[in-house]
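What follows is a short report on a single structure.
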Amino acid sequence: MIAGRRIVLGVSGSIAAFKGVALASQLVKAGASVDVVMTPSARRFIAPLSFRAITGRPVLTELWDEESSDAIGHVALGRAADLIVIAPATAATIARLAHGMADDALGATVLASSAPLLIAPAMEPHMWAAAATVENVTILRRRGAIVMEPGEGRLASGQIGRGRLPEPEEIVDAIAREFEREQDLMGRHVVVTAGGTREAIDPVRFIGNRSSGKMGVAVAEQARRRGARVTLIHGPLQVALPAGVEAVAVESTREMEEAIHSAVRTASALVMAAAPADFRPSAIAGQKIKRRASVTLDLVPNPDILARLADWRGIKVGFAAETDDVIENARAKVTAKRVDLIVANDVSEEGSGFGTDTNRVTFVFPDGRVESRPLQTKSAVADDILDLIVGLLALKEVVQPSST
Ligand SMILES: Cc1cc2nc3c(=O)[nH]c(=O)nc-3n(C[C@H](O)[C@H](O)[C@H](O)COP(=O)(O)O)c2cc1C
């Protein structure tokens, strides 16, 4: 729902700046309150008055407006916004945002805001394909910004290729989708696990694995953004904990299992993105094991957390990080563990798996269906998983899940 929302519309110096006026008009018609922020270059293409006439609100063009009664307009706008949309976004603006530059009113507004950011680029095909732009877009997407794909066709300059500003209607649809998505987990409790576990060998050593926790943290972050109450049960992480989630730090697989059993009592869904160790030493040495010619570790299996939750009625999502026979292994897991979805990925593939910011995953369902996704940021994968959970919850109508 766009009605009643506060939207900041950033306009930068592209030949397509005039389309920003059509976008502002459609947003106002849909019931949003629209504040326009223009870069100095944008003013060379279109007068602020055009936006003022449509939105009925002042247009922020200067960081340095000594006449203004509101000396911190850029901070106030960014903080009050429900969403910031930048249309058109030039290559220069995208570069400044990727690097956190706050040297104009638009950059400062974005930096001061924690609202979702939607970017609609417009530029020459060569600028869009340039390595610098590709990297800047990747940085912004990794941070959670939605960067729309520009359209393909004849540009204002006469060039043909990818770089056209998406049509105002498409941008309005993307904004509406973002608002819809925003709260679709409201009232739900989602438990997410992240990171590897550590199994002690002696007081100073442990067996661990390469899981960075990025995938689970991305799921927790997106679930919270979509309105869920989130419990994040995690081993050691290589990324910062997301804000606004209830974090439970654990070390071993057995500790993780215990924490999950107590958290899922009130939960509607469990996403097991952690990599709990499958084995642990059969005994933990009480003293540090001294250097010697050889040491033999006797390993015993850890509990299979998901399999032991077979009777829990919430939505269960497991991950299968494999290095071979990815789909067969995932199919075996989906039945053995009685889960609703297995997210399979080949961790030996470049750009996928441990420590990366991206993942190429395949969804494997209990009915045998398999859906492959392209290489995406872990945030985008997280949103895809949550979309499926929302659908499954609606289907199962898990209102009051049973305890374990
Ligand atoms: C006629 C004209 C059209 C332009 N159109 C675009 C454009 O569509 N996309 C783009 O990235 N830059 C375009 N530029 C270049 C930008 O205006 C320039 O990089 C400027 O510094 C962008 O500043 P801003 O991002 O702060 O608005 C254009 C320049 C001119 C002179």
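Quick note on naming: the chains in the structure tokens go A, B, ... in the order shown, residues restart at 1 in each chain, and ligands are numbered from 1 in order of appearance.
Omitting Leu27 of chain A and its sequence neighbours fewer than 2 positions away, and counting only C-alpha atoms, the residues within 10 Å are Ile2, Ala3, Arg5, Ile7, Leu9, Val21, Ala22, Leu23, Ala24, Ser25, Lys29, Ala30, Gly31, Ala32, Ser33, Val34, Thr55, Pro168, Glu169, Ile171, Val172 and Ile175 of chain A.
With a cut-off of 6 Å and using only C-alpha atoms and all ligand atoms, the polymer residues contacting ligand 1 are Ser12, Gly13, Ser14, Ile15, Ala16, Thr39, Ser41, Ala42, Thr90, Ala91, Ala92, Thr93, Ala122 and Met123 of chain A.
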(request) For Ala81 of chain A, list every protein, DNA or RNA residue within 9 Å, evaluated using only C-alpha atoms, and leave out those in the same chain fewer than 2 positions away; present the list as a PyMOL selection string. (result) chain A and resi 5-8+35+76-79+83-84+113-116
Residues from last step as file, C-alpha atoms, as a PDB file, in the first residue's frame:
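Result saved to selection-v8.pdb:
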```
ATOM      1  CA  ARG A   5       3.510   6.520   3.008  1.00  0.00           C
ATOM      2  CA  ARG A   6       6.288   9.102   3.108  1.00  0.00           C
ATOM      3  CA  ILE A   7       8.435   8.667   0.054  1.00  0.00           C
ATOM      4  CA  VAL A   8      11.609  10.601  -0.730  1.00  0.00           C
ATOM      5  CA  ASP A  35       9.486  14.890  -0.867  1.00  0.00           C
ATOM      6  CA  ALA A  76      15.011  14.906   8.896  1.00  0.00           C
ATOM      7  CA  LEU A  77      13.782  13.792   5.456  1.00  0.00           C
ATOM      8  CA  GLY A  78      15.884  10.648   5.434  1.00  0.00           C
ATOM      9  CA  ARG A  79      14.844   9.656   8.921  1.00  0.00           C
ATOM     10  CA  LEU A  83      11.222   4.517   1.409  1.00  0.00           C
ATOM     11  CA  ILE A  84      13.726   6.403  -0.747  1.00  0.00           C
ATOM     12  CA  SER A 113      18.286   7.133   6.425  1.00  0.00           C
ATOM     13  CA  SER A 114      17.642   3.510   7.262  1.00  0.00           C
ATOM     14  CA  ALA A 115      14.608   3.347   4.958  1.00  0.00           C
ATOM     15  CA  PRO A 116      14.577   0.822   2.093  1.00  0.00           C
TER      16      PRO A 116
END
```
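Using only C-alpha atoms, the residues found no farther than 12 Å from Thr356 of chain A, other than those of its own chain fewer than 2 positions away, are Arg142, Arg210, Ser211, Ser212, Gly213, Lys214, Met215, Gln238, Val239, Val347, Ser348, Glu349, Glu350, Gly351, Ser352, Gly353, Phe354, Thr358, Asn359, Arg360, Leu375, Gln376, Thr377, Lys378 and Ser379 of chain A.
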When DSSP is applied to the backbone of this structure, which of segment 149-363 of chain A are assigned helix (DSSP H, G or I)? Write them out as a PDB file with N, CA and C atoms, in the first residue's frame.
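File written: part.pdb
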```
ATOM      1  N   PRO A 168       7.819   4.816 -15.322  1.00  0.00           N
ATOM      2  CA  PRO A 168       7.272   5.196 -14.016  1.00  0.00           C
ATOM      3  C   PRO A 168       6.335   4.136 -13.436  1.00  0.00           C
ATOM      4  N   GLU A 169       5.520   3.488 -14.299  1.00  0.00           N
ATOM      5  CA  GLU A 169       4.577   2.463 -13.805  1.00  0.00           C
ATOM      6  C   GLU A 169       5.336   1.286 -13.176  1.00  0.00           C
ATOM      7  N   GLU A 170       6.465   0.911 -13.832  1.00  0.00           N
ATOM      8  CA  GLU A 170       7.256  -0.210 -13.292  1.00  0.00           C
ATOM      9  C   GLU A 170       7.859   0.177 -11.944  1.00  0.00           C
ATOM     10  N   ILE A 171       8.268   1.445 -11.830  1.00  0.00           N
ATOM     11  CA  ILE A 171       8.884   1.896 -10.577  1.00  0.00           C
ATOM     12  C   ILE A 171       7.814   1.914  -9.477  1.00  0.00           C
ATOM     13  N   VAL A 172       6.623   2.382  -9.829  1.00  0.00           N
ATOM     14  CA  VAL A 172       5.528   2.394  -8.842  1.00  0.00           C
ATOM     15  C   VAL A 172       5.228   0.954  -8.391  1.00  0.00           C
ATOM     16  N   ASP A 173       5.220   0.008  -9.337  1.00  0.00           N
ATOM     17  CA  ASP A 173       4.968  -1.404  -8.982  1.00  0.00           C
ATOM     18  C   ASP A 173       6.043  -1.920  -8.032  1.00  0.00           C
ATOM     19  N   ALA A 174       7.299  -1.574  -8.330  1.00  0.00           N
ATOM     20  CA  ALA A 174       8.409  -2.049  -7.470  1.00  0.00           C
ATOM     21  C   ALA A 174       8.275  -1.458  -6.066  1.00  0.00           C
ATOM     22  N   ILE A 175       7.838  -0.196  -5.984  1.00  0.00           N
ATOM     23  CA  ILE A 175       7.639   0.442  -4.664  1.00  0.00           C
ATOM     24  C   ILE A 175       6.507  -0.278  -3.923  1.00  0.00           C
ATOM     25  N   ALA A 176       5.423  -0.539  -4.641  1.00  0.00           N
ATOM     26  CA  ALA A 176       4.265  -1.199  -4.006  1.00  0.00           C
ATOM     27  C   ALA A 176       4.667  -2.580  -3.503  1.00  0.00           C
ATOM     28  N   ARG A 177       5.454  -3.309  -4.327  1.00  0.00           N
ATOM     29  CA  ARG A 177       5.907  -4.661  -3.912  1.00  0.00           C
ATOM     30  C   ARG A 177       6.752  -4.582  -2.651  1.00  0.00           C
ATOM     31  N   GLU A 178       7.608  -3.554  -2.603  1.00  0.00           N
ATOM     32  CA  GLU A 178       8.478  -3.384  -1.438  1.00  0.00           C
ATOM     33  C   GLU A 178       7.637  -3.145  -0.183  1.00  0.00           C
ATOM     34  N   PHE A 179       6.613  -2.317  -0.291  1.00  0.00           N
ATOM     35  CA  PHE A 179       5.761  -2.053   0.877  1.00  0.00           C
ATOM     36  C   PHE A 179       4.972  -3.306   1.274  1.00  0.00           C
ATOM     37  N   GLU A 180       4.512  -4.063   0.261  1.00  0.00           N
ATOM     38  CA  GLU A 180       3.755  -5.286   0.564  1.00  0.00           C
ATOM     39  C   GLU A 180       4.608  -6.275   1.312  1.00  0.00           C
ATOM     40  N   ARG A 181       5.842  -6.434   0.779  1.00  0.00           N
ATOM     41  CA  ARG A 181       6.773  -7.383   1.341  1.00  0.00           C
ATOM     42  C   ARG A 181       7.153  -6.992   2.765  1.00  0.00           C
ATOM     43  N   GLU A 182       7.173  -5.684   2.959  1.00  0.00           N
ATOM     44  CA  GLU A 182       7.705  -5.131   4.194  1.00  0.00           C
ATOM     45  C   GLU A 182       7.091  -5.775   5.440  1.00  0.00           C
ATOM     46  N   LYS A 214      27.009 -15.608   7.003  1.00  0.00           N
ATOM     47  CA  LYS A 214      26.405 -14.538   6.186  1.00  0.00           C
ATOM     48  C   LYS A 214      24.994 -14.875   5.701  1.00  0.00           C
ATOM     49  N   MET A 215      24.786 -16.156   5.309  1.00  0.00           N
ATOM     50  CA  MET A 215      23.473 -16.510   4.763  1.00  0.00           C
ATOM     51  C   MET A 215      22.398 -16.411   5.855  1.00  0.00           C
ATOM     52  N   GLY A 216      22.698 -16.967   7.032  1.00  0.00           N
ATOM     53  CA  GLY A 216      21.714 -16.933   8.122  1.00  0.00           C
ATOM     54  C   GLY A 216      21.448 -15.511   8.586  1.00  0.00           C
ATOM     55  N   VAL A 217      22.504 -14.710   8.649  1.00  0.00           N
ATOM     56  CA  VAL A 217      22.330 -13.316   9.069  1.00  0.00           C
ATOM     57  C   VAL A 217      21.461 -12.571   8.050  1.00  0.00           C
ATOM     58  N   ALA A 218      21.659 -12.874   6.762  1.00  0.00           N
ATOM     59  CA  ALA A 218      20.828 -12.228   5.725  1.00  0.00           C
ATOM     60  C   ALA A 218      19.357 -12.625   5.897  1.00  0.00           C
ATOM     61  N   VAL A 219      19.106 -13.903   6.204  1.00  0.00           N
ATOM     62  CA  VAL A 219      17.705 -14.345   6.398  1.00  0.00           C
ATOM     63  C   VAL A 219      17.111 -13.627   7.612  1.00  0.00           C
ATOM     64  N   ALA A 220      17.897 -13.557   8.707  1.00  0.00           N
ATOM     65  CA  ALA A 220      17.403 -12.907   9.931  1.00  0.00           C
ATOM     66  C   ALA A 220      17.081 -11.435   9.655  1.00  0.00           C
ATOM     67  N   GLU A 221      17.994 -10.779   8.932  1.00  0.00           N
ATOM     68  CA  GLU A 221      17.825  -9.350   8.626  1.00  0.00           C
ATOM     69  C   GLU A 221      16.559  -9.111   7.792  1.00  0.00           C
ATOM     70  N   GLN A 222      16.388  -9.922   6.765  1.00  0.00           N
ATOM     71  CA  GLN A 222      15.233  -9.719   5.877  1.00  0.00           C
ATOM     72  C   GLN A 222      13.931 -10.083   6.597  1.00  0.00           C
ATOM     73  N   ALA A 223      13.974 -11.131   7.427  1.00  0.00           N
ATOM     74  CA  ALA A 223      12.749 -11.527   8.147  1.00  0.00           C
ATOM     75  C   ALA A 223      12.331 -10.406   9.102  1.00  0.00           C
ATOM     76  N   ARG A 224      13.311  -9.802   9.736  1.00  0.00           N
ATOM     77  CA  ARG A 224      12.985  -8.696  10.650  1.00  0.00           C
ATOM     78  C   ARG A 224      12.425  -7.508   9.860  1.00  0.00           C
ATOM     79  N   ARG A 225      13.068  -7.223   8.724  1.00  0.00           N
ATOM     80  CA  ARG A 225      12.595  -6.109   7.896  1.00  0.00           C
ATOM     81  C   ARG A 225      11.148  -6.343   7.454  1.00  0.00           C
ATOM     82  N   THR A 253      27.111 -28.041  18.623  1.00  0.00           N
ATOM     83  CA  THR A 253      25.859 -28.468  17.980  1.00  0.00           C
ATOM     84  C   THR A 253      24.791 -28.788  19.031  1.00  0.00           C
ATOM     85  N   ARG A 254      25.215 -29.432  20.119  1.00  0.00           N
ATOM     86  CA  ARG A 254      24.210 -29.792  21.129  1.00  0.00           C
ATOM     87  C   ARG A 254      23.620 -28.545  21.798  1.00  0.00           C
ATOM     88  N   GLU A 255      24.486 -27.527  21.998  1.00  0.00           N
ATOM     89  CA  GLU A 255      23.951 -26.259  22.547  1.00  0.00           C
ATOM     90  C   GLU A 255      22.973 -25.625  21.565  1.00  0.00           C
ATOM     91  N   MET A 256      23.341 -25.714  20.276  1.00  0.00           N
ATOM     92  CA  MET A 256      22.461 -25.131  19.252  1.00  0.00           C
ATOM     93  C   MET A 256      21.108 -25.849  19.270  1.00  0.00           C
ATOM     94  N   GLU A 257      21.143 -27.163  19.372  1.00  0.00           N
ATOM     95  CA  GLU A 257      19.891 -27.932  19.371  1.00  0.00           C
ATOM     96  C   GLU A 257      19.000 -27.522  20.553  1.00  0.00           C
ATOM     97  N   GLU A 258      19.636 -27.385  21.705  1.00  0.00           N
ATOM     98  CA  GLU A 258      18.870 -27.008  22.894  1.00  0.00           C
ATOM     99  C   GLU A 258      18.205 -25.639  22.706  1.00  0.00           C
ATOM    100  N   ALA A 259      18.987 -24.694  22.185  1.00  0.00           N
ATOM    101  CA  ALA A 259      18.459 -23.332  21.976  1.00  0.00           C
ATOM    102  C   ALA A 259      17.308 -23.351  20.973  1.00  0.00           C
ATOM    103  N   ILE A 260      17.445 -24.182  19.924  1.00  0.00           N
ATOM    104  CA  ILE A 260      16.383 -24.255  18.905  1.00  0.00           C
ATOM    105  C   ILE A 260      15.100 -24.815  19.531  1.00  0.00           C
ATOM    106  N   HIS A 261      15.249 -25.898  20.289  1.00  0.00           N
ATOM    107  CA  HIS A 261      14.062 -26.523  20.881  1.00  0.00           C
ATOM    108  C   HIS A 261      13.294 -25.537  21.749  1.00  0.00           C
ATOM    109  N   SER A 262      14.037 -24.678  22.470  1.00  0.00           N
ATOM    110  CA  SER A 262      13.283 -23.754  23.310  1.00  0.00           C
ATOM    111  C   SER A 262      12.719 -22.596  22.476  1.00  0.00           C
ATOM    112  N   ALA A 263      13.428 -22.168  21.409  1.00  0.00           N
ATOM    113  CA  ALA A 263      12.936 -21.025  20.620  1.00  0.00           C
ATOM    114  C   ALA A 263      11.742 -21.380  19.740  1.00  0.00           C
ATOM    115  N   VAL A 264      11.697 -22.615  19.196  1.00  0.00           N
ATOM    116  CA  VAL A 264      10.636 -22.909  18.218  1.00  0.00           C
ATOM    117  C   VAL A 264       9.254 -23.070  18.853  1.00  0.00           C
ATOM    118  N   ARG A 265       9.200 -23.107  20.176  1.00  0.00           N
ATOM    119  CA  ARG A 265       7.883 -23.293  20.824  1.00  0.00           C
ATOM    120  C   ARG A 265       6.867 -22.258  20.362  1.00  0.00           C
ATOM    121  N   THR A 266       7.341 -21.019  20.143  1.00  0.00           N
ATOM    122  CA  THR A 266       6.399 -19.966  19.750  1.00  0.00           C
ATOM    123  C   THR A 266       6.552 -19.597  18.268  1.00  0.00           C
ATOM    124  N   ALA A 307      16.167 -33.530  11.787  1.00  0.00           N
ATOM    125  CA  ALA A 307      15.458 -34.815  11.810  1.00  0.00           C
ATOM    126  C   ALA A 307      14.737 -34.986  13.143  1.00  0.00           C
ATOM    127  N   ARG A 308      15.345 -34.463  14.213  1.00  0.00           N
ATOM    128  CA  ARG A 308      14.707 -34.620  15.525  1.00  0.00           C
ATOM    129  C   ARG A 308      13.554 -33.639  15.743  1.00  0.00           C
ATOM    130  N   LEU A 309      13.337 -32.739  14.770  1.00  0.00           N
ATOM    131  CA  LEU A 309      12.193 -31.824  14.866  1.00  0.00           C
ATOM    132  C   LEU A 309      11.061 -32.286  13.940  1.00  0.00           C
ATOM    133  N   VAL A 326      24.871 -32.542  -5.710  1.00  0.00           N
ATOM    134  CA  VAL A 326      24.125 -31.587  -4.890  1.00  0.00           C
ATOM    135  C   VAL A 326      22.633 -31.913  -4.841  1.00  0.00           C
ATOM    136  N   ILE A 327      22.022 -32.107  -6.012  1.00  0.00           N
ATOM    137  CA  ILE A 327      20.568 -32.291  -6.042  1.00  0.00           C
ATOM    138  C   ILE A 327      20.158 -33.626  -5.421  1.00  0.00           C
ATOM    139  N   GLU A 328      20.901 -34.712  -5.771  1.00  0.00           N
ATOM    140  CA  GLU A 328      20.556 -36.023  -5.180  1.00  0.00           C
ATOM    141  C   GLU A 328      20.626 -35.961  -3.660  1.00  0.00           C
ATOM    142  N   ASN A 329      21.693 -35.329  -3.152  1.00  0.00           N
ATOM    143  CA  ASN A 329      21.844 -35.234  -1.700  1.00  0.00           C
ATOM    144  C   ASN A 329      20.702 -34.415  -1.090  1.00  0.00           C
ATOM    145  N   ALA A 330      20.333 -33.341  -1.770  1.00  0.00           N
ATOM    146  CA  ALA A 330      19.257 -32.483  -1.253  1.00  0.00           C
ATOM    147  C   ALA A 330      17.932 -33.244  -1.265  1.00  0.00           C
ATOM    148  N   ARG A 331      17.695 -34.034  -2.334  1.00  0.00           N
ATOM    149  CA  ARG A 331      16.449 -34.825  -2.422  1.00  0.00           C
ATOM    150  C   ARG A 331      16.381 -35.818  -1.273  1.00  0.00           C
ATOM    151  N   ALA A 332      17.511 -36.432  -0.976  1.00  0.00           N
ATOM    152  CA  ALA A 332      17.542 -37.419   0.118  1.00  0.00           C
ATOM    153  C   ALA A 332      17.247 -36.716   1.433  1.00  0.00           C
ATOM    154  N   LYS A 333      17.799 -35.513   1.585  1.00  0.00           N
ATOM    155  CA  LYS A 333      17.618 -34.768   2.836  1.00  0.00           C
ATOM    156  C   LYS A 333      16.175 -34.328   3.036  1.00  0.00           C
ATOM    157  N   VAL A 334      15.548 -33.870   1.958  1.00  0.00           N
ATOM    158  CA  VAL A 334      14.198 -33.322   2.076  1.00  0.00           C
ATOM    159  C   VAL A 334      13.228 -34.391   2.601  1.00  0.00           C
ATOM    160  N   THR A 335      13.446 -35.641   2.192  1.00  0.00           N
ATOM    161  CA  THR A 335      12.562 -36.703   2.691  1.00  0.00           C
ATOM    162  C   THR A 335      13.004 -37.181   4.073  1.00  0.00           C
ATOM    163  N   ALA A 336      14.311 -37.407   4.224  1.00  0.00           N
ATOM    164  CA  ALA A 336      14.793 -37.965   5.495  1.00  0.00           C
ATOM    165  C   ALA A 336      14.468 -37.030   6.653  1.00  0.00           C
TER     166      ALA A 336
END
```
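Residues of segment 37-146 of chain A assigned to strand (DSSP E or B) by DSSP on this structure's backbone: Val37, Met38, Leu60, Leu83, Ile84, Val85, Ile86, Ala87, Pro88, Ala89, Leu117, Leu118, Ile119, Ala120, Pro121 and Ile146 of chain A.
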(request) Could you check which of A:Ile160, A:Ala105, A:Ile86, A:Ala194 is closest to Met148 of chain A, using only C-alpha atoms? (result)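 Of A:Ile160, A:Ala105, A:Ile86, A:Ala194, the one nearest Met148 of chain A, counting only C-alpha atoms, is A:Ile86.
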(message) I want to know what sits within 6 Å of Leu270 of chain A, based on only C-alpha atoms, with residues of the same chain fewer than 2 positions away left out; could you give that as a list in words?
(response) Val190, Val191, Val192 and Lys316 of chain A
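Atom CA of Ala269 of chain A is positioned 7.0 Å from atom CA of His189 of chain A.
Restricting the calculation to only C-alpha atoms, the smallest distance between Asp357 of chain A and any of A:Val248, A:Val381, A:Ala156, A:Leu341 is found for A:Val381.
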(request) Find the residues near Val361 of chain A: any atom within 6 Å, counting only C-alpha atoms, skip ones fewer than 6 places away on the same chain, and give them as a list of chain:residue names. (result)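 Close residues of Val361 of chain A: A:Ala344, A:Asn345, A:Arg373.
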Next, write the just-selected residues to a file, as a compact mmCIF listing (two decimals), in the first residue's frame, keeping N, CA and C atoms as the atom set.
```
# COMPACT_ATOMS: atom_id res chain seq x y z
N ALA A 344 19.67 -25.92 -1.62
CA ALA A 344 20.92 -26.64 -1.91
C ALA A 344 21.90 -25.72 -2.60
N ASN A 345 23.14 -25.80 -2.20
CA ASN A 345 24.15 -25.08 -2.98
C ASN A 345 25.46 -25.83 -3.02
N ARG A 373 17.91 -21.13 -9.01
CA ARG A 373 17.93 -19.66 -9.00
C ARG A 373 19.28 -19.20 -9.56
```
